[in-house]
Amino acid sequence: MINFAFSSLLLLVPSGQGGGPGLIAIVFQVGAIFAIFYFLLIRPQRRQQAQHRELLSTLQRGDRIVTASGIVGEVVHIKDEEVTIRSGEAKFVILRSGVASITNRTASTEVKPA
């Protein structure tokens, strides 16, 4: 690790020959790589996480959900970070974060046009 850091510092020191890229070019390349990673990976992932947090905050009793493990059920009870669902004849207690999507809402929670 120390050898790598020392080697990378040597790249920043100008050589007497003057044919290599300068410090400004290297900083520009690193900045461009960071910008590409940000716009292609980090930003979309943060947007998706925000949408999932919003979905979890709107979770209500009677919603049909799909869990992250693929269990389909209806929300029976919500308590802080735990959600009780009924799937077939069984009831499960899962973490709220384990809800992957809401497949349909009950009729009472739908928005009615004015």
# chains A, B, ... in the order shown; residues from 1 in each chain; ligands from 1
$ residues_around --residues "Asp63 in chain A" --least-positions-apart "3" --cutoff "12 Å" --atoms "only C-alpha atoms" --output "number ranges by chain"
A: 55-56, 58-60, 66, 72-78, 83-86, 99, 101-110
$ select_by_dssp --residues "range 48-106 of chain A" --states "alpha helix (DSSP H)" --output "list in words"
Gln48, Gln49, Ala50, Gln51, His52, Arg53, Glu54, Leu55, Leu56 and Ser57 of chain A
$ write_last_selection --atoms "N, CA and C atoms" --output "tab-separated table (two decimals), in the first residue's frame"
chain	number	residue	atom	x	y	z
A	48	GLN	N	-33.58	5.63	-6.32
A	48	GLN	CA	-34.34	4.40	-6.10
A	48	GLN	C	-34.55	4.16	-4.60
A	49	GLN	N	-33.54	4.45	-3.78
A	49	GLN	CA	-33.68	4.29	-2.34
A	49	GLN	C	-34.72	5.25	-1.77
A	50	ALA	N	-34.76	6.47	-2.29
A	50	ALA	CA	-35.76	7.44	-1.84
A	50	ALA	C	-37.16	6.99	-2.21
A	51	GLN	N	-37.34	6.44	-3.40
A	51	GLN	CA	-38.64	5.92	-3.81
A	51	GLN	C	-39.07	4.76	-2.93
A	52	HIS	N	-38.13	3.90	-2.55
A	52	HIS	CA	-38.47	2.75	-1.70
A	52	HIS	C	-38.84	3.23	-0.30
A	53	ARG	N	-38.13	4.23	0.24
A	53	ARG	CA	-38.48	4.78	1.55
A	53	ARG	C	-39.89	5.39	1.52
A	54	GLU	N	-40.21	6.08	0.42
A	54	GLU	CA	-41.55	6.66	0.28
A	54	GLU	C	-42.61	5.56	0.21
A	55	LEU	N	-42.32	4.48	-0.51
A	55	LEU	CA	-43.25	3.36	-0.61
A	55	LEU	C	-43.49	2.76	0.78
A	56	LEU	N	-42.43	2.60	1.57
A	56	LEU	CA	-42.58	2.02	2.90
A	56	LEU	C	-43.34	2.94	3.84
A	57	SER	N	-43.20	4.25	3.65
A	57	SER	CA	-43.90	5.18	4.54
A	57	SER	C	-45.39	5.22	4.23
$ atom_distance --atom1 "CA of Arg43 in chain A" --atom2 "CA of Ile26 in chain A"
24.1 Å
